[in-house]
file model.pdb (PDB, C-alpha atoms and all ligand atoms)
ATOM      1  CA  MET A   1      14.533  -8.204 -17.717
ATOM      2  CA  SER A   2      11.190  -8.379 -15.964
ATOM      3  CA  GLU A   3       9.833  -5.036 -17.251
ATOM      4  CA  ILE A   4       8.411  -5.598 -20.714
ATOM      5  CA  VAL A   5       6.653  -2.286 -21.384
ATOM      6  CA  VAL A   6       7.204   0.935 -19.441
ATOM      7  CA  PHE A   7       5.509   4.296 -20.059
ATOM      8  CA  GLU A   8       7.115   7.343 -18.449
ATOM      9  CA  ASP A   9       4.942  10.455 -18.402
ATOM     10  CA  VAL A  10       3.583   9.684 -21.861
ATOM     11  CA  TRP A  11       1.548  12.281 -23.712
ATOM     12  CA  LYS A  12      -0.075  11.800 -27.095
ATOM     13  CA  ILE A  13      -1.368  14.953 -28.677
ATOM     14  CA  TYR A  14      -2.923  14.661 -32.116
ATOM     15  CA  SER A  15      -2.636  17.734 -34.396
ATOM     16  CA  PRO A  16      -0.857  19.810 -31.708
ATOM     17  CA  ALA A  17      -1.276  23.593 -31.715
ATOM     18  CA  THR A  18      -4.070  23.482 -34.281
ATOM     19  CA  PRO A  19      -7.836  23.917 -33.837
ATOM     20  CA  LEU A  20      -8.061  20.103 -34.207
ATOM     21  CA  GLU A  21      -5.733  19.389 -31.274
ATOM     22  CA  VAL A  22      -6.736  16.341 -29.184
ATOM     23  CA  GLN A  23      -4.864  15.448 -26.015
ATOM     24  CA  ALA A  24      -5.487  11.688 -26.126
ATOM     25  CA  LEU A  25      -3.026  10.685 -23.367
ATOM     26  CA  LYS A  26      -2.002  13.059 -20.602
ATOM     27  CA  GLY A  27       1.037  11.916 -18.671
ATOM     28  CA  ILE A  28       0.601   8.139 -18.516
ATOM     29  CA  ASN A  29       2.896   6.127 -16.248
ATOM     30  CA  LEU A  30       2.583   2.383 -16.717
ATOM     31  CA  LYS A  31       4.678  -0.696 -16.084
ATOM     32  CA  ILE A  32       3.872  -4.126 -17.521
ATOM     33  CA  GLU A  33       6.120  -6.842 -16.152
ATOM     34  CA  LYS A  34       6.723 -10.408 -17.186
ATOM     35  CA  GLY A  35       3.646 -12.529 -16.488
ATOM     36  CA  ASP A  36       1.277  -9.584 -15.944
ATOM     37  CA  PHE A  37      -2.300  -9.908 -17.213
ATOM     38  CA  VAL A  38      -3.640  -6.367 -17.174
ATOM     39  CA  ALA A  39      -6.835  -4.814 -18.475
ATOM     40  CA  ILE A  40      -7.167  -1.126 -19.153
ATOM     41  CA  LEU A  41     -10.812  -0.196 -18.826
ATOM     42  CA  GLY A  42     -12.095   3.027 -20.307
ATOM     43  CA  PRO A  43     -15.002   4.493 -22.243
ATOM     44  CA  SER A  44     -14.897   5.199 -25.963
ATOM     45  CA  GLY A  45     -12.455   7.979 -26.747
ATOM     46  CA  SER A  46     -10.518   7.622 -23.482
ATOM     47  CA  GLY A  47      -7.271   6.812 -25.311
ATOM     48  CA  LYS A  48      -7.171   2.993 -25.177
ATOM     49  CA  THR A  49      -6.195   2.315 -28.788
ATOM     50  CA  THR A  50      -3.768   5.236 -28.698
ATOM     51  CA  LEU A  51      -2.068   3.675 -25.665
ATOM     52  CA  LEU A  52      -1.909   0.223 -27.244
ATOM     53  CA  ASN A  53      -0.470   1.636 -30.480
ATOM     54  CA  LEU A  54       2.324   3.273 -28.466
ATOM     55  CA  ALA A  55       2.992   0.055 -26.529
ATOM     56  CA  GLY A  56       3.330  -1.825 -29.829
ATOM     57  CA  LEU A  57       5.508   0.803 -31.546
ATOM     58  CA  LEU A  58       2.812   1.467 -34.131
ATOM     59  CA  ASP A  59       3.035   5.108 -33.058
ATOM     60  CA  PHE A  60       5.252   7.276 -30.848
ATOM     61  CA  PRO A  61       4.511   9.687 -27.996
ATOM     62  CA  THR A  62       4.405  13.447 -28.407
ATOM     63  CA  LYS A  63       6.107  13.776 -24.997
ATOM     64  CA  GLY A  64       7.502  11.236 -22.542
ATOM     65  CA  LYS A  65       9.035   7.843 -23.203
ATOM     66  CA  VAL A  66       7.950   4.302 -24.008
ATOM     67  CA  PHE A  67      10.445   1.543 -23.262
ATOM     68  CA  ILE A  68      10.188  -1.999 -24.608
ATOM     69  CA  GLU A  69      12.426  -4.290 -22.573
ATOM     70  CA  GLY A  70      14.301  -1.215 -21.394
ATOM     71  CA  LYS A  71      14.862   0.309 -24.823
ATOM     72  CA  ASP A  72      13.424   3.523 -26.253
ATOM     73  CA  PHE A  73      12.748   3.059 -29.985
ATOM     74  CA  LEU A  74      11.911   6.675 -30.824
ATOM     75  CA  LYS A  75      15.045   7.117 -32.902
ATOM     76  CA  ALA A  76      15.441   3.485 -33.970
ATOM     77  CA  LYS A  77      15.625   2.432 -37.603
ATOM     78  CA  ASP A  78      12.480   1.032 -39.250
ATOM     79  CA  ALA A  79      14.052  -2.433 -39.554
ATOM     80  CA  GLU A  80      14.716  -2.536 -35.820
ATOM     81  CA  ILE A  81      11.149  -1.462 -35.034
ATOM     82  CA  SER A  82       9.744  -4.076 -37.432
ATOM     83  CA  PHE A  83      11.872  -6.710 -35.740
ATOM     84  CA  VAL A  84      10.403  -5.874 -32.316
ATOM     85  CA  ARG A  85       6.881  -5.864 -33.747
ATOM     86  CA  ASN A  86       7.496  -9.318 -35.212
ATOM     87  CA  LYS A  87       9.324 -10.912 -32.278
ATOM     88  CA  THR A  88       8.541  -9.169 -29.008
ATOM     89  CA  VAL A  89       4.974  -7.999 -29.436
ATOM     90  CA  GLY A  90       1.896  -9.909 -30.562
ATOM     91  CA  PHE A  91      -1.236  -8.024 -31.598
ATOM     92  CA  VAL A  92      -4.863  -9.045 -31.295
ATOM     93  CA  PHE A  93      -7.161  -6.484 -32.853
ATOM     94  CA  GLN A  94     -10.886  -6.075 -32.459
ATOM     95  CA  GLN A  95     -11.627  -7.065 -36.051
ATOM     96  CA  PRO A  96      -9.817 -10.256 -36.977
ATOM     97  CA  SER A  97      -8.215  -9.849 -40.372
ATOM     98  CA  PHE A  98      -6.759 -12.782 -42.265
ATOM     99  CA  LEU A  99      -5.481 -13.436 -45.744
ATOM    100  CA  PRO A 100      -8.582 -15.054 -47.274
ATOM    101  CA  GLU A 101      -6.731 -17.205 -49.815
ATOM    102  CA  PHE A 102      -4.654 -18.910 -47.122
ATOM    103  CA  THR A 103      -5.878 -21.598 -44.718
ATOM    104  CA  ALA A 104      -6.162 -21.121 -40.970
ATOM    105  CA  ILE A 105      -2.801 -22.756 -40.288
ATOM    106  CA  GLU A 106      -1.049 -20.884 -43.109
ATOM    107  CA  ASN A 107      -2.325 -17.592 -41.688
ATOM    108  CA  VAL A 108      -0.849 -18.483 -38.292
ATOM    109  CA  MET A 109       2.456 -19.567 -39.880
ATOM    110  CA  ILE A 110       2.983 -16.335 -41.849
ATOM    111  CA  PRO A 111       4.488 -14.187 -39.028
ATOM    112  CA  ALA A 112       6.928 -17.023 -38.256
ATOM    113  CA  ILE A 113       8.021 -17.253 -41.887
ATOM    114  CA  ILE A 114       8.366 -13.457 -42.061
ATOM    115  CA  GLY A 115      10.518 -13.779 -38.935
ATOM    116  CA  GLY A 116      12.910 -16.070 -40.801
ATOM    117  CA  VAL A 117      11.738 -19.535 -39.792
ATOM    118  CA  SER A 118      11.448 -22.306 -42.423
ATOM    119  CA  SER A 119       7.916 -23.294 -43.420
ATOM    120  CA  ARG A 120       8.498 -26.798 -42.019
ATOM    121  CA  VAL A 121       9.415 -25.450 -38.577
ATOM    122  CA  ALA A 122       6.606 -22.873 -38.711
ATOM    123  CA  GLU A 123       4.087 -25.590 -39.536
ATOM    124  CA  LYS A 124       5.299 -27.839 -36.731
ATOM    125  CA  LYS A 125       4.986 -25.015 -34.263
ATOM    126  CA  ALA A 126       1.560 -23.965 -35.559
ATOM    127  CA  ILE A 127       0.280 -27.563 -35.267
ATOM    128  CA  GLU A 128       1.385 -27.642 -31.620
ATOM    129  CA  LEU A 129      -0.589 -24.467 -30.975
ATOM    130  CA  PHE A 130      -3.663 -25.734 -32.830
ATOM    131  CA  LYS A 131      -3.508 -28.891 -30.704
ATOM    132  CA  LYS A 132      -3.032 -27.041 -27.443
ATOM    133  CA  PHE A 133      -5.926 -24.701 -28.117
ATOM    134  CA  ASN A 134      -8.375 -27.199 -29.638
ATOM    135  CA  LEU A 135      -8.412 -25.899 -33.190
ATOM    136  CA  LEU A 136      -6.687 -28.791 -34.916
ATOM    137  CA  ASP A 137      -9.804 -29.905 -36.776
ATOM    138  CA  ARG A 138     -10.067 -26.423 -38.313
ATOM    139  CA  LYS A 139      -6.471 -26.047 -39.459
ATOM    140  CA  ASN A 140      -7.157 -26.488 -43.170
ATOM    141  CA  HIS A 141     -10.281 -24.337 -43.235
ATOM    142  CA  PHE A 142     -10.251 -20.985 -44.964
ATOM    143  CA  PRO A 143     -10.998 -17.967 -42.746
ATOM    144  CA  SER A 144     -14.356 -17.401 -44.446
ATOM    145  CA  HIS A 145     -15.454 -20.849 -43.250
ATOM    146  CA  LEU A 146     -14.718 -20.204 -39.568
ATOM    147  CA  SER A 147     -16.958 -18.718 -36.876
ATOM    148  CA  GLY A 148     -16.247 -15.362 -35.224
ATOM    149  CA  GLY A 149     -15.084 -17.106 -32.042
ATOM    150  CA  GLU A 150     -12.777 -19.464 -33.948
ATOM    151  CA  LEU A 151     -11.340 -16.526 -35.902
ATOM    152  CA  GLN A 152     -10.611 -14.599 -32.753
ATOM    153  CA  ARG A 153      -8.882 -17.643 -31.210
ATOM    154  CA  LEU A 154      -6.918 -17.941 -34.432
ATOM    155  CA  THR A 155      -5.855 -14.301 -34.074
ATOM    156  CA  VAL A 156      -4.485 -15.154 -30.651
ATOM    157  CA  LEU A 157      -2.527 -18.126 -32.039
ATOM    158  CA  ARG A 158      -1.121 -15.935 -34.799
ATOM    159  CA  ALA A 159      -0.105 -13.399 -32.135
ATOM    160  CA  ILE A 160       1.886 -15.994 -30.169
ATOM    161  CA  ILE A 161       3.553 -17.986 -32.965
ATOM    162  CA  ASN A 162       6.824 -16.059 -32.493
ATOM    163  CA  ASP A 163       6.793 -16.424 -28.688
ATOM    164  CA  PRO A 164       6.271 -12.724 -27.990
ATOM    165  CA  LYS A 165       7.001 -11.293 -24.561
ATOM    166  CA  ILE A 166       3.684  -9.462 -24.578
ATOM    167  CA  ILE A 167       0.328  -9.702 -26.339
ATOM    168  CA  LEU A 168      -1.528  -6.437 -26.914
ATOM    169  CA  CYS A 169      -5.279  -6.902 -27.317
ATOM    170  CA  ASP A 170      -7.636  -4.145 -28.456
ATOM    171  CA  GLU A 171     -11.227  -5.099 -27.502
ATOM    172  CA  PRO A 172     -10.356  -8.716 -28.356
ATOM    173  CA  THR A 173     -13.902  -9.958 -27.894
ATOM    174  CA  GLY A 174     -15.849  -6.897 -28.960
ATOM    175  CA  GLN A 175     -17.627  -8.797 -31.728
ATOM    176  CA  LEU A 176     -18.331 -11.983 -29.760
ATOM    177  CA  ASP A 177     -21.161 -13.287 -27.583
ATOM    178  CA  GLU A 178     -20.474 -14.000 -23.927
ATOM    179  CA  GLU A 179     -19.708 -17.703 -24.393
ATOM    180  CA  ASN A 180     -17.182 -17.112 -27.178
ATOM    181  CA  ALA A 181     -15.674 -14.167 -25.312
ATOM    182  CA  LYS A 182     -15.143 -16.454 -22.332
ATOM    183  CA  THR A 183     -13.381 -19.035 -24.535
ATOM    184  CA  VAL A 184     -11.015 -16.385 -25.942
ATOM    185  CA  PHE A 185     -10.217 -15.226 -22.411
ATOM    186  CA  GLU A 186      -9.564 -18.813 -21.356
ATOM    187  CA  VAL A 187      -7.069 -19.090 -24.216
ATOM    188  CA  LEU A 188      -5.384 -15.841 -23.133
ATOM    189  CA  ALA A 189      -5.286 -16.978 -19.491
ATOM    190  CA  LYS A 190      -3.742 -20.309 -20.513
ATOM    191  CA  ILE A 191      -1.065 -18.548 -22.586
ATOM    192  CA  ASN A 192      -0.340 -16.237 -19.660
ATOM    193  CA  GLU A 193      -0.071 -19.208 -17.334
ATOM    194  CA  ILE A 194       1.891 -21.726 -19.392
ATOM    195  CA  PHE A 195       4.210 -19.439 -21.344
ATOM    196  CA  GLY A 196       4.373 -16.552 -18.846
ATOM    197  CA  THR A 197       3.499 -14.174 -21.690
ATOM    198  CA  SER A 198       2.414 -10.735 -20.450
ATOM    199  CA  ILE A 199      -0.979  -9.595 -21.658
ATOM    200  CA  LEU A 200      -2.170  -6.020 -21.907
ATOM    201  CA  LEU A 201      -5.715  -5.650 -23.115
ATOM    202  CA  VAL A 202      -7.942  -2.633 -23.466
ATOM    203  CA  THR A 203     -11.703  -2.730 -23.319
ATOM    204  CA  HIS A 204     -14.765  -0.680 -22.467
ATOM    205  CA  ASN A 205     -16.514  -3.826 -21.179
ATOM    206  CA  ARG A 206     -16.332  -3.966 -17.377
ATOM    207  CA  GLN A 207     -17.573  -7.611 -17.437
ATOM    208  CA  LEU A 208     -14.333  -8.742 -19.065
ATOM    209  CA  THR A 209     -12.146  -7.434 -16.269
ATOM    210  CA  LYS A 210     -13.118 -10.404 -14.082
ATOM    211  CA  TYR A 211     -10.766 -12.594 -16.133
ATOM    212  CA  VAL A 212      -7.613 -10.548 -15.533
ATOM    213  CA  LYS A 213      -5.188 -10.078 -12.646
ATOM    214  CA  LYS A 214      -5.113  -6.284 -12.551
ATOM    215  CA  VAL A 215      -7.394  -3.499 -13.798
ATOM    216  CA  ILE A 216      -6.410   0.055 -14.642
ATOM    217  CA  ASN A 217      -9.014   2.716 -15.331
ATOM    218  CA  LEU A 218      -8.448   5.184 -18.130
ATOM    219  CA  LYS A 219     -10.538   8.324 -18.366
ATOM    220  CA  ASN A 220      -9.925  11.281 -20.662
ATOM    221  CA  GLY A 221      -6.293  10.282 -21.107
ATOM    222  CA  PHE A 222      -5.592   9.884 -17.370
ATOM    223  CA  MET A 223      -5.247   6.581 -15.543
ATOM    224  CA  GLU A 224      -5.660   5.094 -12.097
ATOM    225  CA  VAL A 225      -4.984   1.570 -10.838
ATOM    226  CA  LYS A 226      -8.185   0.089  -9.436
ATOM    227  CA  TRP A 227      -6.832  -2.954  -7.626
ATOM    228  CA  ASP A 228      -3.887  -5.316  -7.631
TER     229      ASP A 228
HETATM  230  N1  LIG B   1      -5.288   9.915 -35.693
HETATM  231  C1  LIG B   1      -5.981  10.703 -34.891
HETATM  232  N2  LIG B   1      -6.042  12.043 -35.111
HETATM  233  C2  LIG B   1      -6.713  12.862 -34.270
HETATM  234  N3  LIG B   1      -7.383  12.447 -33.167
HETATM  235  C3  LIG B   1      -7.353  11.142 -32.900
HETATM  236  C4  LIG B   1      -6.669  10.191 -33.733
HETATM  237  N4  LIG B   1      -6.831   8.954 -33.204
HETATM  238  C5  LIG B   1      -7.579   9.116 -32.112
HETATM  239  N5  LIG B   1      -7.906  10.421 -31.911
HETATM  240  C6  LIG B   1      -8.667  10.983 -30.780
HETATM  241  O1  LIG B   1      -7.985  10.632 -29.586
HETATM  242  C7  LIG B   1      -8.901  10.252 -28.571
HETATM  243  C8  LIG B   1      -8.587   8.836 -28.110
HETATM  244  O2  LIG B   1      -8.837   7.941 -29.194
HETATM  245  P1  LIG B   1      -8.667   6.370 -29.048
HETATM  246  O3  LIG B   1      -8.921   5.783 -30.386
HETATM  247  O4  LIG B   1      -7.368   6.091 -28.410
HETATM  248  O5  LIG B   1      -9.863   6.021 -28.043
HETATM  249  P2  LIG B   1     -10.411   4.610 -27.552
HETATM  250  O6  LIG B   1     -10.421   4.654 -26.067
HETATM  251  O7  LIG B   1      -9.653   3.521 -28.211
HETATM  252  O8  LIG B   1     -11.917   4.618 -28.078
HETATM  253  P3  LIG B   1     -12.836   3.394 -28.602
HETATM  254  O9  LIG B   1     -13.294   2.654 -27.360
HETATM  255  O10 LIG B   1     -13.981   4.102 -29.250
HETATM  256  O11 LIG B   1     -12.043   2.555 -29.534
HETATM  257  C9  LIG B   1     -10.299  10.402 -29.176
HETATM  258  O12 LIG B   1     -10.820  11.655 -28.758
HETATM  259  C10 LIG B   1     -10.053  10.388 -30.663
HETATM  260  O13 LIG B   1     -11.001  11.168 -31.341
HETATM  261 MG    MG B   2     -10.168   2.012 -29.564
END
call {"tool": "encode", "arguments": {"input": "model.pdb", "output": "structure tokens", "more": "lines below"}}
Ligand SMILES: Nc1ncnc2c1ncn2[C@@H]1O[C@H](COP(=O)(O)OP(=O)(O)OP(=O)(O)O)[C@@H](O)[C@H]1O
Ligand SMILES: [Mg+2]
result
Amino acid sequence: MSEIVVFEDVWKIYSPATPLEVQALKGINLKIEKGDFVAILGPSGSGKTTLLNLAGLLDFPTKGKVFIEGKDFLKAKDAEISFVRNKTVGFVFQQPSFLPEFTAIENVMIPAIIGGVSSRVAEKKAIELFKKFNLLDRKNHFPSHLSGGELQRLTVLRAIINDPKIILCDEPTGQLDEENAKTVFEVLAKINEIFGTSILLVTHNRQLTKYVKKVINLKNGFMEVKWD
């Protein structure tokens, strides 16, 4: 299946029919296919995180449908949703968060072990990734001893340890300087190229869109494709 994530007329309304109602997404249609590297560009409050949460099954639409590899998970059991979140989708959040008492490599191995892989296999796989992305000399460091750029690269490795079909990135370089942001994007581009992993990232930083293949503008919950 080449369509990884599909949105069909997706609306997200927070606190509907109350004085606090917010229409965060208003009829979004979106298709992310295998190998896509797409940025959604929009100002603060335009609905970027809301959209990413729906794409990663962290939340569900008020109206419309979200399909992951052709399946609608609205009525799925929690275990099935957790499985997809562990295997199909990798997340990279704006603020890297790691278990401080575990080393860099152990933090990357954890999603694999949760997914049912032995620690020996998880470690072998993690070492390959650390090698490929030039972090091998940091593998036994604790997160508190790593730089912001290294941590964000580590987040990306943790997101791909289970060979997801898609990586969802929410302002992945929001905390980084330009040089480190560029390095993280190079890692994402390499993953996209060598593994064919789809990447959907959201950002308010127009500068970052130069690294991606396609840009979609999001404004007040509406979207438009800028170029292909
Ligand atoms: N849980 C919630 N309850 C009510 N309103 C919410 C909730 N989460 C987000 N919103 C509102 O929905 C709109 C979209 O929020 P969202 O977090 O998706 O924006 P964003 O584009 O990610 O912004 P930012 O760039 O600041 O992270 C905003 O107006 C926000 O106030
Ligand atoms: Mg956000």
call {"tool": "closest_residue", "arguments": {"input": "model.pdb", "among": "A:Ala76, A:Ile160, A:Ala126, A:Leu168", "to": "Phe93 (chain A)", "atoms": "only C-alpha atoms"}}
result
A:Leu168
call {"tool": "axis_aligned_box", "arguments": {"input": "model.pdb", "around": "region 204-218 of chain A", "padding_each_side": "6 Å", "output": "AutoDock Vina command-line options"}}
result
--center_x -11.3 --center_y -3.7 --center_z -17.5 --size_x 24.5 --size_y 29.8 --size_z 21.9
call {"tool": "resolve_selection", "arguments": {"input": "model.pdb", "expression": "the PyMOL selection byres (((chain A and resi 83) around 12) and not hetatm)", "output": "PyMOL selection string"}}
result
chain A and resi 56-57+73+76-82+84-90+111-112+114-116+162+164
call {"tool": "residues_near_ligand", "arguments": {"input": "model.pdb", "ligand": "ligand MG 2 (chain B)", "cutoff": "10 Å", "atoms": "only C-alpha atoms and all ligand atoms", "output": "list in words"}}
result
Gly42, Pro43, Ser44, Gly45, Ser46, Gly47, Lys48, Thr49, Thr50, Leu51, Leu52, Asn53, Phe93, Gln94, Asp170, Glu171, Val202, Thr203 and His204 of chain A
call {"tool": "residues_around", "arguments": {"input": "model.pdb", "residues": "region 186-200 of chain A", "least_positions_apart": "5", "cutoff": "6 Å", "atoms": "only C-alpha atoms", "output": "list of chain:residue names"}}
result
A:Lys34, A:Gly35, A:Asp36, A:Phe37, A:Val38, A:Ala39, A:Lys165, A:Ile166, A:Ile167, A:Leu168
call {"tool": "closest_residue", "arguments": {"input": "model.pdb", "among": "A:Ser2, A:Gln152, A:Asn217, A:Ser144", "to": "Ile68 (chain A)", "atoms": "all atoms listed in the file"}}
result
A:Ser2
call {"tool": "closest_residue", "arguments": {"input": "model.pdb", "among": "A:Val66, A:Pro19, A:Ala24, A:Arg206", "to": "ligand LIG 1 (chain B)", "atoms": "only C-alpha atoms and all ligand atoms"}}
result
A:Ala24
call {"tool": "resolve_selection", "arguments": {"input": "model.pdb", "expression": "the PyMOL selection byres (((chain A and resi 148) around 9) and not hetatm)", "output": "list in words"}}
result
Pro96, Leu146, Ser147, Gly149, Glu150, Leu151, Gln152, Arg153, Gln175, Leu176 and Asn180 of chain A
call {"tool": "atom_distance", "arguments": {"input": "model.pdb", "atom1": "atom O4 of ligand LIG 1 (chain B)", "atom2": "CA of Ile110 (chain A)"}}
result
28.1 Å
call {"tool": "resolve_selection", "arguments": {"input": "model.pdb", "expression": "the PyMOL selection byres (((chain A and resi 30) around 8) and not hetatm)", "output": "PyMOL selection string"}}
result
chain A and resi 5-8+28-29+31-32
call {"tool": "closest_residue", "arguments": {"input": "model.pdb", "among": "A:Leu201, A:Val215, A:Ile105, A:Ala159", "to": "ligand LIG 1 (chain B)", "atoms": "all atoms listed in the file"}}
result
A:Leu201
call {"tool": "atom_distance", "arguments": {"input": "model.pdb", "atom1": "CA of Leu41 (chain A)", "atom2": "atom P3 of ligand LIG 1 (chain B)"}}
result
10.6 Å
call {"tool": "closest_residue", "arguments": {"input": "model.pdb", "among": "A:Val92, A:Ala17, A:Leu25, A:Val108", "to": "ligand LIG 1 (chain B)", "atoms": "all atoms listed in the file"}}
result
A:Leu25
call {"tool": "closest_residue", "arguments": {"input": "model.pdb", "among": "A:Leu218, A:Leu99, A:Met223, A:Leu154", "to": "ligand LIG 1 (chain B)", "atoms": "all atoms listed in the file"}}
result
A:Leu218
call {"tool": "atom_distance", "arguments": {"input": "model.pdb", "atom1": "atom C5 of ligand LIG 1 (chain B)", "atom2": "CA of Glu21 (chain A)"}}
result
10.5 Å
call {"tool": "residues_near_point", "arguments": {"input": "model.pdb", "point": "(-1.0, -20.3, -30.7)", "cutoff": "7 Å", "atoms": "all atoms listed in the file", "output": "list in words"}}
result
Ala126, Leu129, Phe130, Val156, Leu157, Arg158, Ile160 and Ile161 of chain A
call {"tool": "residues_near_point", "arguments": {"input": "model.pdb", "point": "(7.6, 9.0, -22.4)", "cutoff": "8 Å", "atoms": "all atoms listed in the file", "output": "number ranges by chain"}}
result
A: 7-11, 61, 63-66
call {"tool": "build_atoms", "arguments": {"input": "model.pdb", "residues": "region 165-172 of chain A", "atoms": "all heavy atoms", "output": "tab-separated table (two decimals), keeping the file's coordinate frame"}}
result
chain	number	residue	atom	x	y	z
A	165	LYS	N	6.94	-11.53	-26.01
A	165	LYS	CA	7.00	-11.29	-24.56
A	165	LYS	C	5.66	-10.76	-24.07
A	165	LYS	O	5.31	-10.91	-22.92
A	165	LYS	CB	8.10	-10.27	-24.25
A	165	LYS	CG	9.49	-10.71	-24.68
A	165	LYS	CD	10.07	-11.66	-23.64
A	165	LYS	CE	11.38	-12.26	-24.05
A	165	LYS	NZ	12.44	-11.33	-24.38
A	166	ILE	N	4.95	-10.08	-24.98
A	166	ILE	CA	3.68	-9.46	-24.58
A	166	ILE	C	2.67	-9.55	-25.72
A	166	ILE	O	3.05	-9.45	-26.90
A	166	ILE	CB	3.90	-7.99	-24.12
A	166	ILE	CG1	2.60	-7.39	-23.57
A	166	ILE	CG2	4.48	-7.11	-25.23
A	166	ILE	CD1	2.80	-6.12	-22.76
A	167	ILE	N	1.41	-9.76	-25.35
A	167	ILE	CA	0.33	-9.70	-26.34
A	167	ILE	C	-0.50	-8.46	-26.03
A	167	ILE	O	-0.91	-8.25	-24.88
A	167	ILE	CB	-0.59	-10.94	-26.27
A	167	ILE	CG1	0.21	-12.23	-26.24
A	167	ILE	CG2	-1.55	-10.95	-27.45
A	167	ILE	CD1	-0.67	-13.46	-26.12
A	168	LEU	N	-0.72	-7.65	-27.05
A	168	LEU	CA	-1.53	-6.44	-26.91
A	168	LEU	C	-2.88	-6.70	-27.57
A	168	LEU	O	-2.94	-7.04	-28.75
A	168	LEU	CB	-0.83	-5.27	-27.61
A	168	LEU	CG	0.60	-4.98	-27.14
A	168	LEU	CD1	1.27	-3.95	-28.04
A	168	LEU	CD2	0.59	-4.50	-25.69
A	169	CYS	N	-3.94	-6.56	-26.80
A	169	CYS	CA	-5.28	-6.90	-27.32
A	169	CYS	C	-6.19	-5.68	-27.25
A	169	CYS	O	-6.41	-5.12	-26.17
A	169	CYS	CB	-5.92	-8.00	-26.50
A	169	CYS	SG	-4.90	-9.45	-26.21
A	170	ASP	N	-6.72	-5.29	-28.39
A	170	ASP	CA	-7.64	-4.14	-28.46
A	170	ASP	C	-9.06	-4.67	-28.58
A	170	ASP	O	-9.44	-5.17	-29.64
A	170	ASP	CB	-7.28	-3.28	-29.68
A	170	ASP	CG	-7.91	-1.89	-29.59
A	170	ASP	OD1	-8.82	-1.69	-28.75
A	170	ASP	OD2	-7.50	-1.01	-30.36
A	171	GLU	N	-9.84	-4.57	-27.52
A	171	GLU	CA	-11.23	-5.10	-27.50
A	171	GLU	C	-11.26	-6.48	-28.17
A	171	GLU	O	-11.98	-6.68	-29.14
A	171	GLU	CB	-12.17	-4.15	-28.26
A	171	GLU	CG	-12.28	-2.76	-27.70
A	171	GLU	CD	-13.18	-2.66	-26.47
A	171	GLU	OE1	-13.66	-3.71	-25.98
A	171	GLU	OE2	-13.35	-1.55	-25.99
A	172	PRO	N	-10.53	-7.45	-27.62
A	172	PRO	CA	-10.36	-8.72	-28.36
A	172	PRO	C	-11.64	-9.49	-28.56
A	172	PRO	O	-11.71	-10.37	-29.41
A	172	PRO	CB	-9.38	-9.51	-27.47
A	172	PRO	CG	-9.53	-8.93	-26.12
A	172	PRO	CD	-9.84	-7.48	-26.32
